[in-house]
>>> print(open('entry-v1.cif').read())   # mmCIF, C-alpha atoms; chains and numbers go by the auth columns
data_start
#
loop_
_atom_site.group_PDB
_atom_site.id
_atom_site.type_symbol
_atom_site.label_atom_id
_atom_site.label_comp_id
_atom_site.label_asym_id
_atom_site.label_seq_id
_atom_site.Cartn_x
_atom_site.Cartn_y
_atom_site.Cartn_z
_atom_site.B_iso_or_equiv
_atom_site.auth_seq_id
_atom_site.auth_asym_id
ATOM 1 C CA MET A 1 6.435 18.635 7.314 0.00 1 A
ATOM 2 C CA ASN A 2 9.404 17.792 9.529 0.00 2 A
ATOM 3 C CA LYS A 3 7.521 14.825 11.010 0.00 3 A
ATOM 4 C CA ILE A 4 6.841 13.477 7.517 0.00 4 A
ATOM 5 C CA ALA A 5 10.500 13.830 6.561 0.00 5 A
ATOM 6 C CA GLN A 6 11.541 11.985 9.736 0.00 6 A
ATOM 7 C CA SER A 7 9.101 9.166 8.949 0.00 7 A
ATOM 8 C CA VAL A 8 10.378 8.826 5.391 0.00 8 A
ATOM 9 C CA ARG A 9 13.983 8.757 6.620 0.00 9 A
ATOM 10 C CA LEU A 10 13.076 5.798 8.854 0.00 10 A
ATOM 11 C CA TRP A 11 11.972 3.858 5.766 0.00 11 A
ATOM 12 C CA PHE A 12 15.580 3.817 4.618 0.00 12 A
ATOM 13 C CA ALA A 13 17.227 3.482 8.027 0.00 13 A
ATOM 14 C CA PRO A 14 15.336 0.769 9.914 0.00 14 A
ATOM 15 C CA GLN A 15 18.283 0.357 12.292 0.00 15 A
ATOM 16 C CA ARG A 16 17.194 3.705 13.806 0.00 16 A
ATOM 17 C CA VAL A 17 13.886 2.101 14.764 0.00 17 A
ATOM 18 C CA ARG A 18 15.860 -0.409 16.849 0.00 18 A
ATOM 19 C CA GLU A 19 17.224 2.443 18.942 0.00 19 A
ATOM 20 C CA GLU A 20 13.775 3.084 20.406 0.00 20 A
ATOM 21 C CA GLY A 21 12.225 1.263 23.326 0.00 21 A
ATOM 22 C CA ALA A 22 12.727 -2.424 23.975 0.00 22 A
ATOM 23 C CA THR A 23 12.972 -5.290 21.520 0.00 23 A
ATOM 24 C CA PRO A 24 9.536 -6.920 21.157 0.00 24 A
ATOM 25 C CA ASP A 25 8.979 -10.655 20.896 0.00 25 A
ATOM 26 C CA TYR A 26 10.445 -11.544 17.491 0.00 26 A
ATOM 27 C CA ARG A 27 7.169 -13.216 16.475 0.00 27 A
ATOM 28 C CA PHE A 28 5.461 -9.829 16.500 0.00 28 A
ATOM 29 C CA SER A 29 8.177 -8.305 14.314 0.00 29 A
ATOM 30 C CA LEU A 30 7.906 -11.245 11.912 0.00 30 A
ATOM 31 C CA ALA A 31 4.113 -10.858 11.804 0.00 31 A
ATOM 32 C CA ASN A 32 4.594 -7.155 11.038 0.00 32 A
ATOM 33 C CA GLU A 33 6.945 -8.090 8.210 0.00 33 A
ATOM 34 C CA ARG A 34 4.454 -10.626 6.794 0.00 34 A
ATOM 35 C CA THR A 35 1.780 -7.934 6.827 0.00 35 A
ATOM 36 C CA PHE A 36 4.161 -5.603 4.991 0.00 36 A
ATOM 37 C CA LEU A 37 4.779 -8.285 2.357 0.00 37 A
ATOM 38 C CA ALA A 38 1.027 -8.839 1.945 0.00 38 A
ATOM 39 C CA TRP A 39 0.573 -5.119 1.260 0.00 39 A
ATOM 40 C CA ILE A 40 3.429 -5.239 -1.261 0.00 40 A
ATOM 41 C CA ARG A 41 1.785 -8.193 -3.033 0.00 41 A
ATOM 42 C CA THR A 42 -1.441 -6.195 -3.143 0.00 42 A
ATOM 43 C CA ALA A 43 0.443 -3.211 -4.600 0.00 43 A
ATOM 44 C CA LEU A 44 2.026 -5.415 -7.273 0.00 44 A
ATOM 45 C CA ALA A 45 -1.377 -6.879 -8.168 0.00 45 A
ATOM 46 C CA LEU A 46 -2.851 -3.390 -8.528 0.00 46 A
ATOM 47 C CA VAL A 47 0.035 -2.249 -10.727 0.00 47 A
ATOM 48 C CA GLY A 48 -0.307 -5.409 -12.839 0.00 48 A
ATOM 49 C CA GLY A 49 -4.046 -4.816 -13.125 0.00 49 A
ATOM 50 C CA GLY A 50 -3.449 -1.245 -14.248 0.00 50 A
ATOM 51 C CA PHE A 51 -1.078 -2.380 -16.979 0.00 51 A
ATOM 52 C CA ALA A 52 -3.459 -5.173 -18.001 0.00 52 A
ATOM 53 C CA VAL A 53 -6.353 -2.750 -18.410 0.00 53 A
ATOM 54 C CA ASP A 54 -4.201 -0.448 -20.526 0.00 54 A
ATOM 55 C CA GLN A 55 -2.633 -3.151 -22.683 0.00 55 A
ATOM 56 C CA PHE A 56 -5.407 -5.694 -23.116 0.00 56 A
ATOM 57 C CA LEU A 57 -8.444 -3.474 -23.601 0.00 57 A
ATOM 58 C CA PRO A 58 -7.443 -1.473 -26.700 0.00 58 A
ATOM 59 C CA ASP A 59 -11.049 -1.206 -27.919 0.00 59 A
ATOM 60 C CA LEU A 60 -12.108 0.572 -24.747 0.00 60 A
ATOM 61 C CA ALA A 61 -12.520 4.333 -25.124 0.00 61 A
ATOM 62 C CA TRP A 62 -9.169 5.962 -24.373 0.00 62 A
ATOM 63 C CA GLY A 63 -10.461 8.096 -21.483 0.00 63 A
ATOM 64 C CA VAL A 64 -12.161 5.156 -19.789 0.00 64 A
ATOM 65 C CA ARG A 65 -9.168 2.877 -20.298 0.00 65 A
ATOM 66 C CA ALA A 66 -6.727 5.505 -19.047 0.00 66 A
ATOM 67 C CA GLY A 67 -8.936 6.333 -16.068 0.00 67 A
ATOM 68 C CA LEU A 68 -9.254 2.710 -14.996 0.00 68 A
ATOM 69 C CA ALA A 69 -5.573 1.998 -15.568 0.00 69 A
ATOM 70 C CA LEU A 70 -4.413 5.138 -13.761 0.00 70 A
ATOM 71 C CA GLY A 71 -6.776 4.438 -10.861 0.00 71 A
ATOM 72 C CA LEU A 72 -5.273 0.989 -10.400 0.00 72 A
ATOM 73 C CA LEU A 73 -1.704 2.232 -10.854 0.00 73 A
ATOM 74 C CA ALA A 74 -2.223 5.058 -8.354 0.00 74 A
ATOM 75 C CA ALA A 75 -3.735 2.617 -5.855 0.00 75 A
ATOM 76 C CA GLY A 76 -0.681 0.394 -6.320 0.00 76 A
ATOM 77 C CA VAL A 77 1.711 3.268 -5.689 0.00 77 A
ATOM 78 C CA LEU A 78 -0.181 4.394 -2.591 0.00 78 A
ATOM 79 C CA CYS A 79 -0.392 0.825 -1.328 0.00 79 A
ATOM 80 C CA ALA A 80 3.369 0.305 -1.663 0.00 80 A
ATOM 81 C CA LEU A 81 4.154 3.578 0.097 0.00 81 A
ATOM 82 C CA ARG A 82 1.633 2.901 2.813 0.00 82 A
ATOM 83 C CA ALA A 83 3.070 -0.582 3.361 0.00 83 A
ATOM 84 C CA VAL A 84 6.497 0.667 4.365 0.00 84 A
ATOM 85 C CA ASN A 85 5.067 3.547 6.390 0.00 85 A
ATOM 86 C CA HIS A 86 2.764 1.209 8.309 0.00 86 A
ATOM 87 C CA TRP A 87 5.574 -1.285 8.891 0.00 87 A
ATOM 88 C CA VAL A 88 7.743 1.421 10.492 0.00 88 A
ATOM 89 C CA ARG A 89 4.876 2.810 12.555 0.00 89 A
ATOM 90 C CA CYS A 90 3.935 -0.639 13.871 0.00 90 A
ATOM 91 C CA GLU A 91 7.520 -1.576 14.639 0.00 91 A
ATOM 92 C CA ARG A 92 8.024 1.658 16.584 0.00 92 A
ATOM 93 C CA ALA A 93 4.755 1.192 18.482 0.00 93 A
ATOM 94 C CA MET A 94 5.685 -2.365 19.472 0.00 94 A
ATOM 95 C CA ARG A 95 9.126 -1.233 20.668 0.00 95 A
ATOM 96 C CA ARG A 96 7.536 1.564 22.722 0.00 96 A
ATOM 97 C CA ASN A 97 4.834 -0.762 24.101 0.00 97 A
ATOM 98 C CA GLU A 98 2.136 1.483 22.594 0.00 98 A
ATOM 99 C CA ASP A 99 -1.100 0.624 20.850 0.00 99 A
ATOM 100 C CA LEU A 100 -0.632 -0.245 17.192 0.00 100 A
ATOM 101 C CA PRO A 101 -1.449 2.629 14.843 0.00 101 A
ATOM 102 C CA VAL A 102 -4.825 2.754 13.173 0.00 102 A
ATOM 103 C CA SER A 103 -5.341 3.717 9.557 0.00 103 A
ATOM 104 C CA ARG A 104 -8.095 4.734 7.188 0.00 104 A
ATOM 105 C CA PHE A 105 -6.001 3.525 4.259 0.00 105 A
ATOM 106 C CA PRO A 106 -7.608 0.048 3.979 0.00 106 A
ATOM 107 C CA ALA A 107 -11.025 1.702 3.617 0.00 107 A
ATOM 108 C CA LEU A 108 -9.693 4.144 1.004 0.00 108 A
ATOM 109 C CA LEU A 109 -8.013 1.364 -0.955 0.00 109 A
ATOM 110 C CA SER A 110 -11.199 -0.715 -0.812 0.00 110 A
ATOM 111 C CA LEU A 111 -13.218 2.200 -2.201 0.00 111 A
ATOM 112 C CA VAL A 112 -10.793 2.742 -5.092 0.00 112 A
ATOM 113 C CA VAL A 113 -10.801 -0.950 -5.979 0.00 113 A
ATOM 114 C CA ALA A 114 -14.601 -1.067 -5.697 0.00 114 A
ATOM 115 C CA VAL A 115 -15.026 1.949 -8.010 0.00 115 A
ATOM 116 C CA VAL A 116 -12.704 0.412 -10.597 0.00 116 A
ATOM 117 C CA ALA A 117 -14.493 -2.937 -10.269 0.00 117 A
ATOM 118 C CA VAL A 118 -17.902 -1.306 -10.813 0.00 118 A
ATOM 119 C CA ALA A 119 -16.514 0.508 -13.855 0.00 119 A
ATOM 120 C CA MET A 120 -15.224 -2.813 -15.203 0.00 120 A
ATOM 121 C CA VAL A 121 -18.650 -4.410 -14.645 0.00 121 A
ATOM 122 C CA VAL A 122 -20.179 -1.590 -16.723 0.00 122 A
ATOM 123 C CA VAL A 123 -17.552 -2.193 -19.429 0.00 123 A
ATOM 124 C CA VAL A 124 -18.274 -5.920 -19.484 0.00 124 A
ATOM 125 C CA LEU A 125 -22.052 -5.431 -19.570 0.00 125 A
ATOM 126 C CA PHE A 126 -22.182 -2.645 -22.144 0.00 126 A
ATOM 127 C CA GLY A 127 -19.136 -3.360 -24.278 0.00 127 A
ATOM 128 C CA TRP A 128 -15.825 -1.746 -25.038 0.00 128 A
ATOM 129 C CA GLU A 129 -16.666 0.284 -28.136 0.00 129 A
ATOM 130 C CA GLY A 130 -15.895 3.946 -28.369 0.00 130 A
ATOM 131 C CA GLY A 131 -12.165 4.268 -29.112 0.00 131 A
#
>>> encode(input="entry-v1.cif", output="structure tokens")
Amino acid sequence: MNKIAQSVRLWFAPQRVREEGATPDYRFSLANERTFLAWIRTALALVGGGFAVDQFLPDLAWGVRAGLALGLLAAGVLCALRAVNHWVRCERAMRRNEDLPVSRFPALLSLVVAVVAVAMVVVVLFGWEGG
């Protein structure tokens, strides 16, 4: 648990990351930041999709609508948290001249989005009735 707490503290104190290792080529740090921003845009899109499902599909059965909306919202939350965690981990690895960290998160996020997309296909094909 202590390692998790240390990682979370680094999210809010990025200057501490600079204390480790050597400064990498700034282009790599900028690329890391662009990747972070792409993950944040993805998180915002997922959150927006969750709200859209909840607000614009009122005829959909409540349980289905809530499940789809909550799935998208949860994916958005996880994506935003993972973005900052991955940014810190990559920045630290570059400063230490280590391999960049690997993650199963993209596969998990893809599965969640795919499940919600399949559910939406079923909704579109078979209708929204059942409030």
>>> closest_residue(input="entry-v1.cif", among="A:Leu57, A:Leu108, A:Ala38, A:Ala69", to="Ala83 (chain A)", atoms="all atoms listed in the file")
A:Ala38
>>> closest_residue(input="entry-v1.cif", among="A:Cys79, A:Leu73, A:Ala31, A:Val88", to="Gln15 (chain A)", atoms="all atoms listed in the file")
A:Val88
>>> residues_around(input="entry-v1.cif", residues="Tyr26 (chain A)", least_positions_apart="5", cutoff="12 Å", atoms="all atoms listed in the file", output="list in words")
Ala31, Asn32, Glu33, Glu91, Met94 and Arg95 of chain A
>>> closest_residue(input="entry-v1.cif", among="A:Val84, A:Ala93, A:Val102, A:Val64", to="Val123 (chain A)", atoms="only C-alpha atoms")
A:Val64
>>> atom_distance(input="entry-v1.cif", atom1="CA of Ala80 (chain A)", atom2="CA of Val124 (chain A)")
28.7 Å
>>> closest_residue(input="entry-v1.cif", among="A:Ser29, A:His86, A:Ala45, A:Leu68", to="Val121 (chain A)", atoms="only C-alpha atoms")
A:Leu68
>>> residues_around(input="entry-v1.cif", residues="Val53 (chain A)", least_positions_apart="3", cutoff="9 Å", atoms="all atoms listed in the file", output="list in words")
Gly48, Gly49, Gly50, Phe56, Leu57, Pro58, Arg65, Ala66, Leu68, Ala69 and Leu72 of chain A
>>> atom_distance(input="entry-v1.cif", atom1="CA of Leu125 (chain A)", atom2="CA of Arg41 (chain A)")
29.1 Å
>>> atom_distance(input="entry-v1.cif", atom1="CA of Ala13 (chain A)", atom2="CA of Arg89 (chain A)")
13.2 Å
>>> resolve_selection(input="entry-v1.cif", expression="the PyMOL selection byres ((chain A and resi 75) around 8)", output="list in words")
Ala43, Leu46, Val47, Gly71, Leu72, Leu73, Ala74, Gly76, Val77, Leu78, Cys79, Leu109, Val112 and Val113 of chain A
>>> write_last_selection(input="entry-v1.cif", atoms="C-alpha atoms", output="mmCIF file, keeping the file's coordinate frame")
data_model
loop_
_atom_site.group_PDB
_atom_site.id
_atom_site.type_symbol
_atom_site.label_atom_id
_atom_site.label_comp_id
_atom_site.auth_asym_id
_atom_site.auth_seq_id
_atom_site.Cartn_x
_atom_site.Cartn_y
_atom_site.Cartn_z
ATOM 1 C CA ALA A 43 0.443 -3.211 -4.600
ATOM 2 C CA LEU A 46 -2.851 -3.390 -8.528
ATOM 3 C CA VAL A 47 0.035 -2.249 -10.727
ATOM 4 C CA GLY A 71 -6.776 4.438 -10.861
ATOM 5 C CA LEU A 72 -5.273 0.989 -10.400
ATOM 6 C CA LEU A 73 -1.704 2.232 -10.854
ATOM 7 C CA ALA A 74 -2.223 5.058 -8.354
ATOM 8 C CA GLY A 76 -0.681 0.394 -6.320
ATOM 9 C CA VAL A 77 1.711 3.268 -5.689
ATOM 10 C CA LEU A 78 -0.181 4.394 -2.591
ATOM 11 C CA CYS A 79 -0.392 0.825 -1.328
ATOM 12 C CA LEU A 109 -8.013 1.364 -0.955
ATOM 13 C CA VAL A 112 -10.793 2.742 -5.092
ATOM 14 C CA VAL A 113 -10.801 -0.950 -5.979
#
>>> resolve_selection(input="entry-v1.cif", expression="the PyMOL selection byres ((chain A and resi 92) around 10)", output="number ranges by chain")
A: 14, 16-24, 86-91, 93-98, 100-101
>>> axis_aligned_box(input="entry-v1.cif", around="region 57-63 of chain A", padding_each_side="4 Å", output="AutoDock Vina command-line options")
--center_x -10.0 --center_y 2.3 --center_z -24.7 --size_x 13.1 --size_y 19.6 --size_z 14.4
>>> closest_residue(input="entry-v1.cif", among="A:Ala117, A:Val8, A:Leu81, A:Val122", to="Phe105 (chain A)", atoms="only C-alpha atoms")
A:Leu81
>>> closest_residue(input="entry-v1.cif", among="A:Arg82, A:Asn2, A:Ala114, A:Leu60", to="Phe126 (chain A)", atoms="only C-alpha atoms")
A:Leu60
